[in-house]
Structure formats: C-alpha cells, structure tokens
Amino acid sequence: MQITSRLLRRLCPTAKQDIIDDVAAYFNKHAAAYDITTEDRICHFFAQAAHESAHFQTLSEYADGSAYEGRADLGNSQSGDGRRYKGRGIFQLTGRANYRLFGKQIGLDLENNPELAENAEVSVLTALEYWKNKHFNEYADDNNIDLITYRINGGYNGLAERKQYLQSMRSLIHENLDTIKKGDNGPEVKQIQEMLISHGYKLVADGIFGPGTQSVLKKFQQSCYGLEVSGVVDEGTLYFLKKT
C-alpha cells in the first residue's frame with residue numbers, strides 16, 4: 001500500500017507540501033522493513049504522525065525545549081540539554097538519551113548533531129525505529145490507540161484528534177485517489193498543468209487545481225474523441241495528456 005502526498009493533503013489540508021512530499025516518499029521507501037504494511041498499522045502510524053507534527057506543518061517542536069532542562073528521565077544531564085535535544089521529527093524525538101539511542105539505531109550520531117533529527121528522511125527513520133522499539137505494530141493490530149498515544153505522548157494529550165485522524169485515514173485509503181480533481185493541489189496537479197501547457201493551453205502551473213485548471217481541462221477533454229468532459233483527470237484523460 002503506497003502512501004501519497006495527495007492522501008496526506010486530504011488528511012491534513014494545512015500541511016506543508018514539502019513535508020508531506022518527503023514523508024510519503026520516505027515512508028514508502030522504509031516502512032516494509034519495519035513491517036508497517038497492513039491497513040491497521042499504516043492508519044495508526046499516520047494518525048499519530050499527523051498529530052505529533054502539528055498536522056505535518058513542522059518537524060521541530062515549536063517550544064524551545066527549556067522545559068526539558070535537567071530531565072534525568074530523558075538523559076538531559078548537561079546544561080543546555082533541554083534546548084539542544086528538544087522535540088524533533090515526526091514523533092518529536094526528545095532528550096539526549098533518545099537522540100543517542102535512536103541515532104545509533106539508524107547509524108547517525110544524533111547526539112552530537114541533534115539538528116539532523118529535523119531532516120525529512122531521518123525524521124521518518126527515527127519514527128519507524130521508535131515504533132518498532134515500542135512494539136506498536138502489536139498495539140495497532142489490537143486497535144489500541146490509547147496505549148500507542150500514551151507511549152508516544154506520556155499521557156493522552158490530543159487523544160480525540162488522534163482518533164479522528166485514525167478514522168479519516170481508514171476512509172481515505174479506501175477512496176479512489178487515482179483521480180485528480182478540483183480542490184487538489186501539489187506536484188501531481190502541477191504535472192497535469194504542465195502537460196496541458198505542452199498541448200498549447202494557456203495556464204499557470206502553480207500546483208493548485210482551481211476553476212481555471214478545471215476549465216482548461218474540460219476544453220482538452222472536449223478535443224479528445226471519446227473522453228467524458230468531466231473536469232476530472234482519470235486514467236483515460238491522463239493517457240491523452242501523455243500523448244505528444
């Protein structure tokens with residue numbers, strides 16, 4: 001099961017495009033190695049990821065981390081460790097001990113280079129390692145979102161939102177996301193716009209499927225024998241768009 005940035009955009013409409021592009025790509029690249037391949041496991045992973053990353057708007061905690069200063073349970077033993085090892089990544093990796101442990105797991109010295117935890121691929125890998133370390137696949141199989149939340153958050157902050165994201169993910173992965181239509185945005189839309197431009201249509205390739213793009217697309221569909229003039233990019237429309 002492939003995760004697309006378009007699916008994540010539907011899950012979190014306010015997400016930053018570069019973050020969901022990278023998260024989708026790197027999750028698809030690495031998830032199988034962590035056996036996060038079933039519907040339940042994938043949905044639970046992204047329900048937590050969406051909340052922890054502030055709806056995929058950041059890979060770094062907004063607070064400065066000073067609240068973690070002196071936290072022995074996080075391994076913050078030196079002055080400045082709270083800020084140095086503040087939450088970063090999809091699941092907000094926090095504390096010197098966790099940076100050391102999960103950096104070692106992925107083969108990077110995050111303890112001495114904590115800012116690397118904000119890197120998109122590193123962010124996905126540390127989240128996957130954390131998921132594996134805490135045996136979350138088992139809890140996802142049991143649909144135990146409460147326990148997963150507690151193990152990630154240390155409490156139940158945002159539990160209602162996490163449950164809503166879980167429900168939304170379950171719906172989205174069963175929708176037909178192979179079509180591109182008005183309201184969508186992102187690199188797939190920009191690619192369609194660029195194809196329309198290559199066919200001689202005047203259009204701005206801004207990656208936003210608005211009324212203008214829909215109108216131009218309908219004109220293109222009218223010019224193609226047998227195509228339904230729907231204003232939606234389906235498999236048939238894409239076939240003609242790719243023809244030169």
# chains A, B, ... in the order shown; residues from 1 in each chain; ligands from 1

call {"tool": "residues_around", "arguments": {"residues": "Glu121 (chain A)", "least_positions_apart": "4", "cutoff": "10 Å", "atoms": "only C-alpha atoms", "output": "PDB file with N, CA and C atoms, in the first residue's frame"}}
result
ATOM      1  N   ASP A  22       7.910  14.583   1.296  1.00  0.00           N
ATOM      2  CA  ASP A  22       9.037  13.804   1.819  1.00  0.00           C
ATOM      3  C   ASP A  22       8.576  12.657   2.718  1.00  0.00           C
ATOM      4  N   VAL A  23       7.616  12.929   3.574  1.00  0.00           N
ATOM      5  CA  VAL A  23       7.144  11.889   4.485  1.00  0.00           C
ATOM      6  C   VAL A  23       6.556  10.726   3.701  1.00  0.00           C
ATOM      7  N   ALA A  25       7.213   9.844   0.576  1.00  0.00           N
ATOM      8  CA  ALA A  25       8.267   9.156  -0.180  1.00  0.00           C
ATOM      9  C   ALA A  25       9.134   8.281   0.715  1.00  0.00           C
ATOM     10  N   TYR A  26       9.548   8.812   1.855  1.00  0.00           N
ATOM     11  CA  TYR A  26      10.447   8.053   2.726  1.00  0.00           C
ATOM     12  C   TYR A  26       9.711   6.970   3.507  1.00  0.00           C
ATOM     13  N   PHE A  27       8.446   7.191   3.811  1.00  0.00           N
ATOM     14  CA  PHE A  27       7.669   6.117   4.431  1.00  0.00           C
ATOM     15  C   PHE A  27       7.553   4.946   3.466  1.00  0.00           C
ATOM     16  N   LYS A  29       9.541   4.160   1.162  1.00  0.00           N
ATOM     17  CA  LYS A  29      10.869   3.567   0.988  1.00  0.00           C
ATOM     18  C   LYS A  29      11.242   2.636   2.135  1.00  0.00           C
ATOM     19  N   HIS A  30      10.861   2.986   3.357  1.00  0.00           N
ATOM     20  CA  HIS A  30      11.383   2.262   4.521  1.00  0.00           C
ATOM     21  C   HIS A  30      10.357   1.438   5.311  1.00  0.00           C
ATOM     22  N   GLY A  89      11.418  15.821  14.607  1.00  0.00           N
ATOM     23  CA  GLY A  89      10.999  14.651  13.838  1.00  0.00           C
ATOM     24  C   GLY A  89       9.499  14.445  13.884  1.00  0.00           C
ATOM     25  N   LEU A 116      20.108  17.206  12.944  1.00  0.00           N
ATOM     26  CA  LEU A 116      19.835  16.251  11.870  1.00  0.00           C
ATOM     27  C   LEU A 116      18.488  15.560  12.040  1.00  0.00           C
ATOM     28  N   ALA A 117      17.965  15.547  13.250  1.00  0.00           N
ATOM     29  CA  ALA A 117      16.680  14.888  13.513  1.00  0.00           C
ATOM     30  C   ALA A 117      15.524  15.582  12.795  1.00  0.00           C
ATOM     31  N   LEU A 125      12.792   7.812   9.680  1.00  0.00           N
ATOM     32  CA  LEU A 125      13.508   6.653  10.214  1.00  0.00           C
ATOM     33  C   LEU A 125      13.459   6.590  11.735  1.00  0.00           C
ATOM     34  N   THR A 126      13.622   7.722  12.404  1.00  0.00           N
ATOM     35  CA  THR A 126      13.562   7.688  13.869  1.00  0.00           C
ATOM     36  C   THR A 126      12.150   7.333  14.333  1.00  0.00           C
ATOM     37  N   ALA A 127      11.142   7.794  13.610  1.00  0.00           N
ATOM     38  CA  ALA A 127       9.762   7.435  13.958  1.00  0.00           C
ATOM     39  C   ALA A 127       9.535   5.941  13.774  1.00  0.00           C
TER      40      ALA A 127
END

call {"tool": "closest_residue", "arguments": {"among": "A:Asp64, A:Asn133, A:Lys182, A:Val233", "to": "Asn98 (chain A)", "atoms": "only C-alpha atoms"}}
result
A:Asn133

call {"tool": "residues_around", "arguments": {"residues": "Leu108 (chain A)", "least_positions_apart": "4", "cutoff": "12 Å", "atoms": "only C-alpha atoms", "output": "NGL selection string"}}
result
:A and (99-104 or 112-117 or 119 or 121-123 or 125-126)

call {"tool": "atom_distance", "arguments": {"atom1": "CA of Gly70 (chain A)", "atom2": "CA of Lys86 (chain A)"}}
result
12.2 Å

call {"tool": "residues_around", "arguments": {"residues": "Asp184 (chain A)", "least_positions_apart": "6", "cutoff": "9 Å", "atoms": "only C-alpha atoms", "output": "JSON, numbers by chain"}}
result
{"A": [6, 9, 10, 207, 208, 209, 210]}

call {"tool": "select_by_dssp", "arguments": {"residues": "region 17-209 of chain A", "states": "strand (DSSP E or B)", "output": "list in words"}}
result
Ser60, Arg88, Leu93, Ile180, Asn185 and Ile208 of chain A

call {"tool": "residues_around", "arguments": {"residues": "region 75-83 of chain A", "least_positions_apart": "4", "cutoff": "6 Å", "atoms": "only C-alpha atoms", "output": "JSON, numbers by chain"}}
result
{"A": [64, 65, 66, 68, 69, 70, 71, 95, 96, 97]}

call {"tool": "closest_residue", "arguments": {"among": "A:Leu217, A:Met1, A:Leu166, A:Leu59", "to": "Ala15 (chain A)", "atoms": "only C-alpha atoms"}}
result
A:Leu59

call {"tool": "closest_residue", "arguments": {"among": "A:Glu138, A:Glu188, A:Arg41, A:Asn153", "to": "Phe91 (chain A)", "atoms": "only C-alpha atoms"}}
result
A:Asn153

call {"tool": "closest_residue", "arguments": {"among": "A:Thr213, A:His44, A:Ile192, A:Asp146", "to": "Phe240 (chain A)", "atoms": "only C-alpha atoms"}}
result
A:Ile192

call {"tool": "decode", "arguments": {"residues": "region 171-192 of chain A", "atoms": "N, CA, C and O atoms", "output": "PDB file, in the first residue's frame"}}
result
ATOM      1  N   SER A 171     -10.804   5.874   6.082  1.00  0.00           N
ATOM      2  CA  SER A 171     -11.680   6.235   4.968  1.00  0.00           C
ATOM      3  C   SER A 171     -10.875   6.564   3.717  1.00  0.00           C
ATOM      4  O   SER A 171     -11.213   6.125   2.608  1.00  0.00           O
ATOM      5  N   LEU A 172      -9.811   7.332   3.896  1.00  0.00           N
ATOM      6  CA  LEU A 172      -9.044   7.810   2.747  1.00  0.00           C
ATOM      7  C   LEU A 172      -8.386   6.694   1.957  1.00  0.00           C
ATOM      8  O   LEU A 172      -8.341   6.737   0.729  1.00  0.00           O
ATOM      9  N   ILE A 173      -7.864   5.688   2.643  1.00  0.00           N
ATOM     10  CA  ILE A 173      -7.154   4.646   1.902  1.00  0.00           C
ATOM     11  C   ILE A 173      -8.102   3.769   1.102  1.00  0.00           C
ATOM     12  O   ILE A 173      -7.657   2.987   0.257  1.00  0.00           O
ATOM     13  N   HIS A 174      -9.402   3.913   1.341  1.00  0.00           N
ATOM     14  CA  HIS A 174     -10.380   3.158   0.561  1.00  0.00           C
ATOM     15  C   HIS A 174     -11.039   4.019  -0.515  1.00  0.00           C
ATOM     16  O   HIS A 174     -11.841   3.520  -1.307  1.00  0.00           O
ATOM     17  N   GLU A 175     -10.713   5.295  -0.538  1.00  0.00           N
ATOM     18  CA  GLU A 175     -11.249   6.171  -1.578  1.00  0.00           C
ATOM     19  C   GLU A 175     -10.458   6.002  -2.864  1.00  0.00           C
ATOM     20  O   GLU A 175      -9.310   5.570  -2.869  1.00  0.00           O
ATOM     21  N   ASN A 176     -11.073   6.387  -3.961  1.00  0.00           N
ATOM     22  CA  ASN A 176     -10.383   6.364  -5.239  1.00  0.00           C
ATOM     23  C   ASN A 176      -9.562   7.635  -5.373  1.00  0.00           C
ATOM     24  O   ASN A 176     -10.058   8.670  -5.799  1.00  0.00           O
ATOM     25  N   LEU A 177      -8.304   7.542  -4.989  1.00  0.00           N
ATOM     26  CA  LEU A 177      -7.422   8.699  -5.069  1.00  0.00           C
ATOM     27  C   LEU A 177      -6.588   8.690  -6.346  1.00  0.00           C
ATOM     28  O   LEU A 177      -5.607   9.399  -6.468  1.00  0.00           O
ATOM     29  N   ASP A 178      -7.014   7.846  -7.305  1.00  0.00           N
ATOM     30  CA  ASP A 178      -6.304   7.796  -8.579  1.00  0.00           C
ATOM     31  C   ASP A 178      -6.733   8.936  -9.488  1.00  0.00           C
ATOM     32  O   ASP A 178      -6.121   9.174 -10.520  1.00  0.00           O
ATOM     33  N   THR A 179      -7.834   9.611  -9.152  1.00  0.00           N
ATOM     34  CA  THR A 179      -8.272  10.761  -9.929  1.00  0.00           C
ATOM     35  C   THR A 179      -7.735  12.043  -9.310  1.00  0.00           C
ATOM     36  O   THR A 179      -7.460  12.112  -8.118  1.00  0.00           O
ATOM     37  N   ILE A 180      -7.585  13.051 -10.150  1.00  0.00           N
ATOM     38  CA  ILE A 180      -7.147  14.370  -9.694  1.00  0.00           C
ATOM     39  C   ILE A 180      -8.245  15.345 -10.085  1.00  0.00           C
ATOM     40  O   ILE A 180      -8.683  15.374 -11.245  1.00  0.00           O
ATOM     41  N   LYS A 181      -8.698  16.128  -9.132  1.00  0.00           N
ATOM     42  CA  LYS A 181      -9.871  16.964  -9.386  1.00  0.00           C
ATOM     43  C   LYS A 181      -9.753  18.310  -8.689  1.00  0.00           C
ATOM     44  O   LYS A 181      -8.802  18.551  -7.941  1.00  0.00           O
ATOM     45  N   LYS A 182     -10.743  19.151  -8.953  1.00  0.00           N
ATOM     46  CA  LYS A 182     -10.795  20.488  -8.369  1.00  0.00           C
ATOM     47  C   LYS A 182     -10.684  20.395  -6.850  1.00  0.00           C
ATOM     48  O   LYS A 182     -11.344  19.593  -6.212  1.00  0.00           O
ATOM     49  N   GLY A 183      -9.816  21.223  -6.291  1.00  0.00           N
ATOM     50  CA  GLY A 183      -9.583  21.214  -4.859  1.00  0.00           C
ATOM     51  C   GLY A 183      -8.288  20.539  -4.467  1.00  0.00           C
ATOM     52  O   GLY A 183      -7.764  20.760  -3.377  1.00  0.00           O
ATOM     53  N   ASP A 184      -7.753  19.689  -5.375  1.00  0.00           N
ATOM     54  CA  ASP A 184      -6.467  19.044  -5.105  1.00  0.00           C
ATOM     55  C   ASP A 184      -5.337  20.030  -5.347  1.00  0.00           C
ATOM     56  O   ASP A 184      -5.482  21.012  -6.076  1.00  0.00           O
ATOM     57  N   ASN A 185      -4.202  19.771  -4.746  1.00  0.00           N
ATOM     58  CA  ASN A 185      -3.018  20.578  -5.019  1.00  0.00           C
ATOM     59  C   ASN A 185      -1.776  19.763  -4.731  1.00  0.00           C
ATOM     60  O   ASN A 185      -1.848  18.705  -4.095  1.00  0.00           O
ATOM     61  N   GLY A 186      -0.650  20.249  -5.255  1.00  0.00           N
ATOM     62  CA  GLY A 186       0.601  19.534  -5.060  1.00  0.00           C
ATOM     63  C   GLY A 186       1.295  19.234  -6.377  1.00  0.00           C
ATOM     64  O   GLY A 186       0.870  19.678  -7.453  1.00  0.00           O
ATOM     65  N   PRO A 187       2.382  18.467  -6.312  1.00  0.00           N
ATOM     66  CA  PRO A 187       3.189  18.198  -7.511  1.00  0.00           C
ATOM     67  C   PRO A 187       2.443  17.453  -8.608  1.00  0.00           C
ATOM     68  O   PRO A 187       2.715  17.639  -9.794  1.00  0.00           O
ATOM     69  N   GLU A 188       1.470  16.581  -8.228  1.00  0.00           N
ATOM     70  CA  GLU A 188       0.715  15.852  -9.247  1.00  0.00           C
ATOM     71  C   GLU A 188      -0.132  16.819 -10.071  1.00  0.00           C
ATOM     72  O   GLU A 188      -0.235  16.683 -11.292  1.00  0.00           O
ATOM     73  N   VAL A 189      -0.722  17.803  -9.402  1.00  0.00           N
ATOM     74  CA  VAL A 189      -1.527  18.803 -10.103  1.00  0.00           C
ATOM     75  C   VAL A 189      -0.635  19.649 -11.018  1.00  0.00           C
ATOM     76  O   VAL A 189      -0.989  19.919 -12.175  1.00  0.00           O
ATOM     77  N   LYS A 190       0.515  20.036 -10.510  1.00  0.00           N
ATOM     78  CA  LYS A 190       1.439  20.839 -11.321  1.00  0.00           C
ATOM     79  C   LYS A 190       1.861  20.085 -12.577  1.00  0.00           C
ATOM     80  O   LYS A 190       1.968  20.667 -13.659  1.00  0.00           O
ATOM     81  N   GLN A 191       2.072  18.777 -12.430  1.00  0.00           N
ATOM     82  CA  GLN A 191       2.448  17.964 -13.583  1.00  0.00           C
ATOM     83  C   GLN A 191       1.337  17.954 -14.629  1.00  0.00           C
ATOM     84  O   GLN A 191       1.597  18.043 -15.836  1.00  0.00           O
ATOM     85  N   ILE A 192       0.096  17.849 -14.187  1.00  0.00           N
ATOM     86  CA  ILE A 192      -1.044  17.881 -15.109  1.00  0.00           C
ATOM     87  C   ILE A 192      -1.104  19.231 -15.819  1.00  0.00           C
ATOM     88  O   ILE A 192      -1.327  19.313 -17.032  1.00  0.00           O
TER      89      ILE A 192
END
